[in-house]
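Undergrad: What follows is upload_5.cif, made up of mmCIF, C-alpha atoms, pLDDT in the B column; chains and numbers go by the auth columns:
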```cif
data_data
loop_
_atom_site.group_PDB
_atom_site.id
_atom_site.type_symbol
_atom_site.label_atom_id
_atom_site.label_comp_id
_atom_site.label_asym_id
_atom_site.label_seq_id
_atom_site.Cartn_x
_atom_site.Cartn_y
_atom_site.Cartn_z
_atom_site.B_iso_or_equiv
_atom_site.auth_seq_id
_atom_site.auth_asym_id
ATOM 1 C CA SER A 1 0.000 0.000 0.000 73.00 258 A
ATOM 2 C CA GLN A 2 1.051 3.615 -0.446 78.00 259 A
ATOM 3 C CA LYS A 3 2.260 5.358 2.670 86.00 260 A
ATOM 4 C CA ILE A 4 3.982 8.543 3.791 92.00 261 A
ATOM 5 C CA GLU A 5 5.538 8.263 7.226 94.00 262 A
ATOM 6 C CA GLN A 6 6.735 11.046 9.476 95.00 263 A
ATOM 7 C CA ASN A 7 7.799 10.692 13.099 86.00 264 A
ATOM 8 C CA SER A 8 4.578 10.678 15.069 79.00 265 A
ATOM 9 C CA GLU A 9 6.306 11.612 18.301 87.00 266 A
ATOM 10 C CA ALA A 10 7.135 15.237 18.943 92.00 267 A
ATOM 11 C CA LEU A 11 10.723 16.318 18.494 95.00 268 A
ATOM 12 C CA ASN A 12 12.041 18.369 21.414 96.00 269 A
ATOM 13 C CA ILE A 13 15.306 20.224 20.968 96.00 270 A
ATOM 14 C CA GLN A 14 17.258 23.010 22.604 97.00 271 A
ATOM 15 C CA GLU A 15 17.412 26.459 21.043 98.00 272 A
ATOM 16 C CA GLY A 16 20.427 26.844 18.769 97.00 273 A
ATOM 17 C CA LYS A 17 20.612 23.156 17.861 97.00 274 A
ATOM 18 C CA THR A 18 19.792 21.661 14.474 98.00 275 A
ATOM 19 C CA ALA A 19 16.402 19.977 14.136 97.00 276 A
ATOM 20 C CA THR A 20 16.179 17.075 11.686 97.00 277 A
ATOM 21 C CA LEU A 21 12.809 15.737 10.593 97.00 278 A
ATOM 22 C CA THR A 22 12.305 12.630 8.476 97.00 279 A
ATOM 23 C CA CYS A 23 9.808 11.785 5.744 96.00 280 A
ATOM 24 C CA ASN A 24 9.709 8.266 4.314 96.00 281 A
ATOM 25 C CA TYR A 25 7.377 7.069 1.601 94.00 282 A
ATOM 26 C CA THR A 26 6.537 3.748 -0.027 90.00 283 A
ATOM 27 C CA ASN A 27 4.963 2.847 -3.363 86.00 284 A
ATOM 28 C CA TYR A 28 5.004 6.401 -4.675 85.00 285 A
ATOM 29 C CA SER A 29 7.100 7.944 -7.443 82.00 286 A
ATOM 30 C CA PRO A 30 6.903 11.645 -6.658 84.00 287 A
ATOM 31 C CA ALA A 31 7.978 14.290 -9.112 81.00 288 A
ATOM 32 C CA TYR A 32 8.309 16.767 -6.256 88.00 289 A
ATOM 33 C CA LEU A 33 8.509 16.619 -2.496 92.00 290 A
ATOM 34 C CA GLN A 34 7.421 19.647 -0.495 94.00 291 A
ATOM 35 C CA TRP A 35 7.618 20.728 3.133 97.00 292 A
ATOM 36 C CA TYR A 36 4.958 22.848 4.817 98.00 293 A
ATOM 37 C CA ARG A 37 4.756 24.391 8.265 98.00 294 A
ATOM 38 C CA GLN A 38 1.484 24.367 10.193 98.00 295 A
ATOM 39 C CA ASP A 39 0.762 26.302 13.373 97.00 296 A
ATOM 40 C CA PRO A 40 -2.183 25.351 15.640 95.00 297 A
ATOM 41 C CA GLY A 41 -5.505 26.487 14.197 94.00 298 A
ATOM 42 C CA ARG A 42 -3.917 27.685 10.959 96.00 299 A
ATOM 43 C CA GLY A 43 -3.528 26.341 7.439 97.00 300 A
ATOM 44 C CA PRO A 44 -0.225 24.910 6.191 98.00 301 A
ATOM 45 C CA VAL A 45 2.345 27.342 4.813 97.00 302 A
ATOM 46 C CA PHE A 46 4.696 26.310 1.999 96.00 303 A
ATOM 47 C CA LEU A 47 8.393 26.264 2.888 97.00 304 A
ATOM 48 C CA LEU A 48 10.461 24.374 0.320 95.00 305 A
ATOM 49 C CA LEU A 49 10.166 22.167 -2.722 93.00 306 A
ATOM 50 C CA ILE A 50 12.713 19.670 -4.032 94.00 307 A
ATOM 51 C CA ARG A 51 12.494 17.903 -7.371 90.00 308 A
ATOM 52 C CA GLU A 52 13.149 14.208 -7.980 88.00 309 A
ATOM 53 C CA ASN A 53 16.415 14.986 -9.770 90.00 310 A
ATOM 54 C CA GLU A 54 17.734 17.236 -6.971 93.00 311 A
ATOM 55 C CA LYS A 55 19.677 15.984 -3.961 91.00 312 A
ATOM 56 C CA GLU A 56 19.574 19.060 -1.755 96.00 313 A
ATOM 57 C CA LYS A 57 17.862 22.444 -1.513 96.00 314 A
ATOM 58 C CA ARG A 58 18.553 25.279 0.907 97.00 315 A
ATOM 59 C CA LYS A 59 16.677 28.389 1.979 95.00 316 A
ATOM 60 C CA GLU A 60 18.103 30.506 4.774 96.00 317 A
ATOM 61 C CA ARG A 61 18.250 28.220 7.864 98.00 318 A
ATOM 62 C CA LEU A 62 16.337 25.421 6.124 98.00 319 A
ATOM 63 C CA LYS A 63 17.807 22.503 4.200 98.00 320 A
ATOM 64 C CA VAL A 64 16.003 19.643 2.496 98.00 321 A
ATOM 65 C CA THR A 65 17.531 16.477 1.067 97.00 322 A
ATOM 66 C CA PHE A 66 15.808 13.978 -1.187 95.00 323 A
ATOM 67 C CA ASP A 67 16.984 10.406 -1.767 93.00 324 A
ATOM 68 C CA THR A 68 14.729 8.665 -4.297 90.00 325 A
ATOM 69 C CA THR A 69 16.596 5.377 -3.801 92.00 326 A
ATOM 70 C CA LEU A 70 15.929 5.337 -0.058 93.00 327 A
ATOM 71 C CA LYS A 71 12.534 7.004 -0.666 93.00 328 A
ATOM 72 C CA GLN A 72 13.353 9.491 2.045 95.00 329 A
ATOM 73 C CA SER A 73 13.561 13.237 2.601 96.00 330 A
ATOM 74 C CA LEU A 74 15.285 14.929 5.526 97.00 331 A
ATOM 75 C CA PHE A 75 14.324 18.445 6.624 97.00 332 A
ATOM 76 C CA HIS A 76 16.849 20.389 8.688 98.00 333 A
ATOM 77 C CA ILE A 77 16.439 23.635 10.615 98.00 334 A
ATOM 78 C CA THR A 78 19.788 25.002 11.736 98.00 335 A
ATOM 79 C CA ALA A 79 20.248 27.382 14.672 98.00 336 A
ATOM 80 C CA SER A 80 16.690 26.593 15.744 98.00 337 A
ATOM 81 C CA GLN A 81 14.604 29.169 17.623 98.00 338 A
ATOM 82 C CA PRO A 82 11.489 28.839 19.793 98.00 339 A
ATOM 83 C CA ALA A 83 9.576 30.533 16.941 98.00 340 A
ATOM 84 C CA ASP A 84 10.334 27.451 14.807 98.00 341 A
ATOM 85 C CA SER A 85 8.036 25.394 17.063 98.00 342 A
ATOM 86 C CA ALA A 86 5.237 24.070 14.844 98.00 343 A
ATOM 87 C CA THR A 87 4.111 20.951 12.989 97.00 344 A
ATOM 88 C CA TYR A 88 6.023 20.231 9.802 98.00 345 A
ATOM 89 C CA LEU A 89 4.285 18.340 7.011 97.00 346 A
ATOM 90 C CA CYS A 90 5.885 16.653 4.057 96.00 347 A
ATOM 91 C CA ALA A 91 3.833 16.319 0.893 94.00 348 A
ATOM 92 C CA LEU A 92 4.330 14.470 -2.362 92.00 349 A
ATOM 93 C CA LEU A 93 3.312 15.695 -5.783 85.00 350 A
ATOM 94 C CA LEU A 94 3.039 12.752 -8.113 75.00 351 A
ATOM 95 C CA SER A 95 4.242 12.740 -11.710 66.00 352 A
ATOM 96 C CA GLY A 96 1.548 14.085 -14.013 62.00 353 A
ATOM 97 C CA GLY A 97 -0.248 15.663 -11.050 58.00 354 A
ATOM 98 C CA TYR A 98 -1.723 19.117 -11.079 63.00 355 A
ATOM 99 C CA ASN A 99 -0.743 20.048 -7.520 63.00 356 A
ATOM 100 C CA LYS A 100 -2.796 17.303 -5.915 77.00 357 A
ATOM 101 C CA LEU A 101 -0.632 16.814 -2.875 87.00 358 A
ATOM 102 C CA ILE A 102 -0.472 13.740 -0.689 91.00 359 A
ATOM 103 C CA PHE A 103 0.437 14.783 2.858 95.00 360 A
ATOM 104 C CA GLY A 104 2.102 12.952 5.693 96.00 361 A
ATOM 105 C CA ALA A 105 0.676 13.269 9.204 96.00 362 A
ATOM 106 C CA GLY A 106 3.379 15.733 10.230 97.00 363 A
ATOM 107 C CA THR A 107 5.931 15.939 13.013 97.00 364 A
ATOM 108 C CA ARG A 108 5.540 18.400 15.854 97.00 365 A
ATOM 109 C CA LEU A 109 8.715 20.296 16.685 97.00 366 A
ATOM 110 C CA ALA A 110 9.196 22.036 20.023 97.00 367 A
ATOM 111 C CA VAL A 111 12.258 24.260 20.433 98.00 368 A
ATOM 112 C CA HIS A 112 13.004 25.082 24.060 97.00 369 A
ATOM 113 C CA PRO A 113 14.890 28.207 25.185 94.00 370 A
ATOM 114 C CA ASP B 1 -2.128 39.470 -2.015 54.00 92 B
ATOM 115 C CA THR B 2 -4.699 39.259 0.756 78.00 93 B
ATOM 116 C CA GLY B 3 -4.397 35.487 1.099 94.00 94 B
ATOM 117 C CA VAL B 4 -7.028 32.768 1.006 97.00 95 B
ATOM 118 C CA SER B 5 -10.052 33.571 3.139 97.00 96 B
ATOM 119 C CA GLN B 6 -12.421 30.978 4.602 98.00 97 B
ATOM 120 C CA ASN B 7 -15.715 31.518 6.374 97.00 98 B
ATOM 121 C CA PRO B 8 -16.894 30.721 8.901 98.00 99 B
ATOM 122 C CA ARG B 9 -13.852 29.893 11.032 97.00 100 B
ATOM 123 C CA HIS B 10 -15.914 27.624 13.254 98.00 101 B
ATOM 124 C CA LYS B 11 -19.231 25.858 12.781 98.00 102 B
ATOM 125 C CA ILE B 12 -21.074 23.746 15.318 98.00 103 B
ATOM 126 C CA THR B 13 -24.069 21.867 13.995 98.00 104 B
ATOM 127 C CA LYS B 14 -26.352 19.039 14.998 98.00 105 B
ATOM 128 C CA ARG B 15 -26.235 15.728 13.215 98.00 106 B
ATOM 129 C CA GLY B 16 -28.501 15.699 10.198 98.00 107 B
ATOM 130 C CA GLN B 17 -28.251 19.421 9.483 98.00 108 B
ATOM 131 C CA ASN B 18 -26.782 20.882 6.301 98.00 109 B
ATOM 132 C CA VAL B 19 -23.767 23.206 6.388 98.00 110 B
ATOM 133 C CA THR B 20 -22.050 25.356 3.773 98.00 111 B
ATOM 134 C CA PHE B 21 -18.551 26.776 3.856 98.00 112 B
ATOM 135 C CA ARG B 22 -17.113 29.496 1.665 98.00 113 B
ATOM 136 C CA CYS B 23 -13.600 29.973 0.303 98.00 114 B
ATOM 137 C CA ASP B 24 -12.276 33.123 -1.369 97.00 115 B
ATOM 138 C CA PRO B 25 -8.995 32.276 -3.093 97.00 116 B
ATOM 139 C CA ILE B 26 -6.194 34.654 -4.018 95.00 117 B
ATOM 140 C CA SER B 27 -7.771 36.683 -6.807 91.00 118 B
ATOM 141 C CA GLU B 28 -5.533 35.757 -9.716 88.00 119 B
ATOM 142 C CA HIS B 29 -5.328 32.050 -8.821 92.00 120 B
ATOM 143 C CA ASN B 30 -7.159 29.774 -11.226 91.00 121 B
ATOM 144 C CA ARG B 31 -6.784 26.525 -9.279 92.00 122 B
ATOM 145 C CA LEU B 32 -8.722 25.842 -6.094 95.00 123 B
ATOM 146 C CA TYR B 33 -8.579 22.805 -3.813 95.00 124 B
ATOM 147 C CA TRP B 34 -10.512 21.536 -0.810 97.00 125 B
ATOM 148 C CA TYR B 35 -8.806 19.378 1.799 97.00 126 B
ATOM 149 C CA ARG B 36 -10.011 17.883 5.062 97.00 127 B
ATOM 150 C CA GLN B 37 -7.824 17.494 8.141 98.00 128 B
ATOM 151 C CA THR B 38 -8.566 15.579 11.323 96.00 129 B
ATOM 152 C CA LEU B 39 -6.622 15.849 14.552 94.00 130 B
ATOM 153 C CA GLY B 40 -3.119 14.425 14.303 92.00 131 B
ATOM 154 C CA GLN B 41 -3.365 13.796 10.580 95.00 132 B
ATOM 155 C CA GLY B 42 -2.223 15.618 7.485 96.00 133 B
ATOM 156 C CA PRO B 43 -4.677 17.244 5.071 96.00 134 B
ATOM 157 C CA GLU B 44 -6.552 14.812 2.788 95.00 135 B
ATOM 158 C CA PHE B 45 -7.480 15.859 -0.743 93.00 136 B
ATOM 159 C CA LEU B 46 -11.210 16.224 -1.407 94.00 137 B
ATOM 160 C CA THR B 47 -11.645 18.018 -4.724 94.00 138 B
ATOM 161 C CA TYR B 48 -10.017 20.352 -7.241 90.00 139 B
ATOM 162 C CA PHE B 49 -11.205 23.116 -9.583 93.00 140 B
ATOM 163 C CA GLN B 50 -9.500 24.594 -12.604 91.00 141 B
ATOM 164 C CA ASN B 51 -11.366 27.879 -13.017 91.00 142 B
ATOM 165 C CA GLU B 52 -15.044 26.868 -12.706 92.00 143 B
ATOM 166 C CA ALA B 53 -14.584 23.243 -13.755 92.00 144 B
ATOM 167 C CA GLN B 54 -14.443 20.586 -11.053 91.00 145 B
ATOM 168 C CA LEU B 55 -11.820 18.221 -12.439 88.00 146 B
ATOM 169 C CA GLU B 56 -11.372 15.648 -9.707 86.00 147 B
ATOM 170 C CA LYS B 57 -13.219 14.389 -6.659 88.00 148 B
ATOM 171 C CA SER B 58 -11.755 12.077 -4.059 88.00 149 B
ATOM 172 C CA ARG B 59 -13.574 8.914 -3.040 85.00 150 B
ATOM 173 C CA LEU B 60 -13.661 10.581 0.406 80.00 151 B
ATOM 174 C CA LEU B 61 -16.258 12.952 -1.045 84.00 152 B
ATOM 175 C CA SER B 62 -19.504 11.051 -0.573 88.00 153 B
ATOM 176 C CA ASP B 63 -22.697 12.096 -2.343 92.00 154 B
ATOM 177 C CA ARG B 64 -23.582 14.176 0.728 96.00 155 B
ATOM 178 C CA PHE B 65 -20.760 16.541 -0.218 96.00 156 B
ATOM 179 C CA SER B 66 -20.968 19.006 -3.073 96.00 157 B
ATOM 180 C CA ALA B 67 -18.602 21.755 -4.110 97.00 158 B
ATOM 181 C CA GLU B 68 -19.063 24.574 -6.574 96.00 159 B
ATOM 182 C CA ARG B 69 -16.991 27.364 -7.963 96.00 160 B
ATOM 183 C CA PRO B 70 -19.300 29.588 -9.982 91.00 161 B
ATOM 184 C CA LYS B 71 -17.548 31.897 -12.415 87.00 162 B
ATOM 185 C CA GLY B 72 -14.200 30.550 -11.299 86.00 163 B
ATOM 186 C CA SER B 73 -13.966 32.850 -8.300 91.00 164 B
ATOM 187 C CA PHE B 74 -15.060 31.882 -4.774 97.00 165 B
ATOM 188 C CA SER B 75 -16.005 28.314 -3.935 98.00 166 B
ATOM 189 C CA THR B 76 -18.533 26.715 -1.602 98.00 167 B
ATOM 190 C CA LEU B 77 -18.470 23.292 0.005 98.00 168 B
ATOM 191 C CA GLU B 78 -21.811 21.958 1.220 97.00 169 B
ATOM 192 C CA ILE B 79 -22.320 18.938 3.430 97.00 170 B
ATOM 193 C CA GLN B 80 -25.849 17.586 3.614 97.00 171 B
ATOM 194 C CA ARG B 81 -27.217 15.472 6.476 97.00 172 B
ATOM 195 C CA THR B 82 -24.047 15.910 8.529 98.00 173 B
ATOM 196 C CA GLU B 83 -22.685 12.986 10.527 97.00 174 B
ATOM 197 C CA GLN B 84 -20.355 13.015 13.518 96.00 175 B
ATOM 198 C CA GLY B 85 -17.611 11.594 11.311 96.00 176 B
ATOM 199 C CA ASP B 86 -17.709 14.804 9.274 97.00 177 B
ATOM 200 C CA SER B 87 -16.181 16.701 12.202 98.00 178 B
ATOM 201 C CA ALA B 88 -12.855 18.019 10.940 98.00 179 B
ATOM 202 C CA MET B 89 -11.018 21.105 9.729 98.00 180 B
ATOM 203 C CA TYR B 90 -11.934 21.893 6.119 98.00 181 B
ATOM 204 C CA LEU B 91 -9.096 23.659 4.330 98.00 182 B
ATOM 205 C CA CYS B 92 -9.212 25.523 1.061 98.00 183 B
ATOM 206 C CA ALA B 93 -6.118 26.259 -1.013 96.00 184 B
ATOM 207 C CA SER B 94 -5.426 28.017 -4.273 95.00 185 B
ATOM 208 C CA SER B 95 -2.581 28.163 -6.759 91.00 186 B
ATOM 209 C CA LEU B 96 -1.751 29.719 -10.099 88.00 187 B
ATOM 210 C CA GLU B 97 -1.215 27.519 -13.127 79.00 188 B
ATOM 211 C CA GLY B 98 1.648 28.711 -15.201 72.00 189 B
ATOM 212 C CA GLN B 99 5.233 28.044 -16.080 60.00 190 B
ATOM 213 C CA GLY B 100 7.035 26.215 -13.337 65.00 191 B
ATOM 214 C CA PHE B 101 5.828 25.253 -9.931 72.00 192 B
ATOM 215 C CA SER B 102 3.237 27.197 -7.971 79.00 193 B
ATOM 216 C CA PRO B 103 2.895 26.334 -4.275 88.00 194 B
ATOM 217 C CA LEU B 104 -0.475 25.869 -2.633 92.00 195 B
ATOM 218 C CA HIS B 105 -1.666 28.802 -0.537 95.00 196 B
ATOM 219 C CA PHE B 106 -3.953 27.576 2.217 97.00 197 B
ATOM 220 C CA GLY B 107 -6.600 29.421 4.152 98.00 198 B
ATOM 221 C CA ASN B 108 -6.928 28.983 7.904 97.00 199 B
ATOM 222 C CA GLY B 109 -9.787 26.557 7.511 98.00 200 B
ATOM 223 C CA THR B 110 -13.299 26.073 8.818 98.00 201 B
ATOM 224 C CA ARG B 111 -13.488 23.840 11.866 98.00 202 B
ATOM 225 C CA LEU B 112 -16.700 21.807 11.814 98.00 203 B
ATOM 226 C CA THR B 113 -18.046 20.119 14.922 98.00 204 B
ATOM 227 C CA VAL B 114 -21.059 17.843 14.495 98.00 205 B
ATOM 228 C CA THR B 115 -22.830 17.065 17.771 97.00 206 B
#
```
How does this structure look as structure tokens?

TA:
Amino acid sequence: SQKIEQNSEALNIQEGKTATLTCNYTNYSPAYLQWYRQDPGRGPVFLLLIRENEKEKRKERLKVTFDTTLKQSLFHITASQPADSATYLCALLLSGGYNKLIFGAGTRLAVHP
Amino acid sequence: DTGVSQNPRHKITKRGQNVTFRCDPISEHNRLYWYRQTLGQGPEFLTYFQNEAQLEKSRLLSDRFSAERPKGSFSTLEIQRTEQGDSAMYLCASSLEGQGFSPLHFGNGTRLTVT
């Protein structure tokens, strides 16, 4: 069956450290993988996209890697801040799709001062 | 860019009643999506519009659900004869079709509680 798996347990880290979140998928062949941030009671906000032929993408303190052999993406936040505390969702856009995204359940990140 | 607007933010209704939600997308966006999200889960795709045409509906969208996007502007999602299992956050998103990738812009959702 097709699955997207993200760590269901919350990730607690100390301010200033690097947070690493994992997204694994099975039985999909995504053209793109995207990461969104969601705060409580709000809609998801787009952060980064990485294409199937890209290994790594960076934006300010954010870095995403994409390994289509392992079927895994890692999302890193360097020099984390309490304001980074949120739920982070990975989403797959399948080849030939029109922006129909398949979302994982998300991982909640808590950054402590 | 005033963002995607959804109304109401919260709706409490009794089982069996009908409810309607409204979504106003970003004005120049021609694609509009409805998703549903339950606690602890990611958003699940419900349906998609390209301008006024509804091009895909998920199997999650039973015949009690109907969505419209008249004139390719705002959209409404109606649920008839609500059931407790319909309780969820209903999210609307829009994007612009064009060259290259266009991210989805989500509204802040309508939280439905069916009692």

Undergrad: Within 10 Å of chain B, which residues belong to chain A? Use all atoms listed in the file and report them as a PyMOL selection string.

TA: chain A and resi 265+289+291+293+295-306+344-348+355-365

Undergrad: List the neighbours of Lys162 in chain B out to 10 Å using only C-alpha atoms; skip same-chain residues closer than 4 positions along the sequence, and give me the result as a PyMOL selection string.

TA: chain B and resi 142-144+166

Undergrad: Those same residues, written as a compact mmCIF listing (two decimals), keeping the file's coordinate frame with C-alpha atoms?

TA:
```
# COMPACT_ATOMS: atom_id res chain seq x y z
CA ASN B 142 -11.37 27.88 -13.02
CA GLU B 143 -15.04 26.87 -12.71
CA ALA B 144 -14.58 23.24 -13.76
CA SER B 166 -16.00 28.31 -3.94
```

Undergrad: Tell me, in Å to one decimal, how far CA of Arg172 in chain B is from CA of Phe140 in chain B.

TA: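 About the pair CA of Arg172 in chain B and CA of Phe140 in chain B: they are 23.9 Å apart.
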
Undergrad: Counting all atoms listed in the file, which of B:Thr93, B:Thr173, B:Ser157, B:Thr204 gets nearest to Gly107 in chain B?

TA: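 Among the listed residues, the smallest separation from Gly107 in chain B belongs to B:Thr173.
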
Undergrad: Using the chain letters and numbers from the file, give me the residues hit by the PyMOL selection byres ((chain A and resi 326-341) around 6), as number ranges by chain.

TA: A: 272-282, 318-325, 342, 368-369

Undergrad: Work out how far CA of Ser286 in chain A is from CA of Gln263 in chain A, in Å to one decimal.

TA: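 Going from CA of Gln263 in chain A over to CA of Ser286 in chain A covers 17.2 Å.
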
Undergrad: Could you please determine the separation between CA of Lys148 in chain B and CA of Leu349 in chain A in Å, to one decimal place?

TA: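 Spanning CA of Lys148 in chain B to CA of Leu349 in chain A is a straight-line distance of 18.1 Å.
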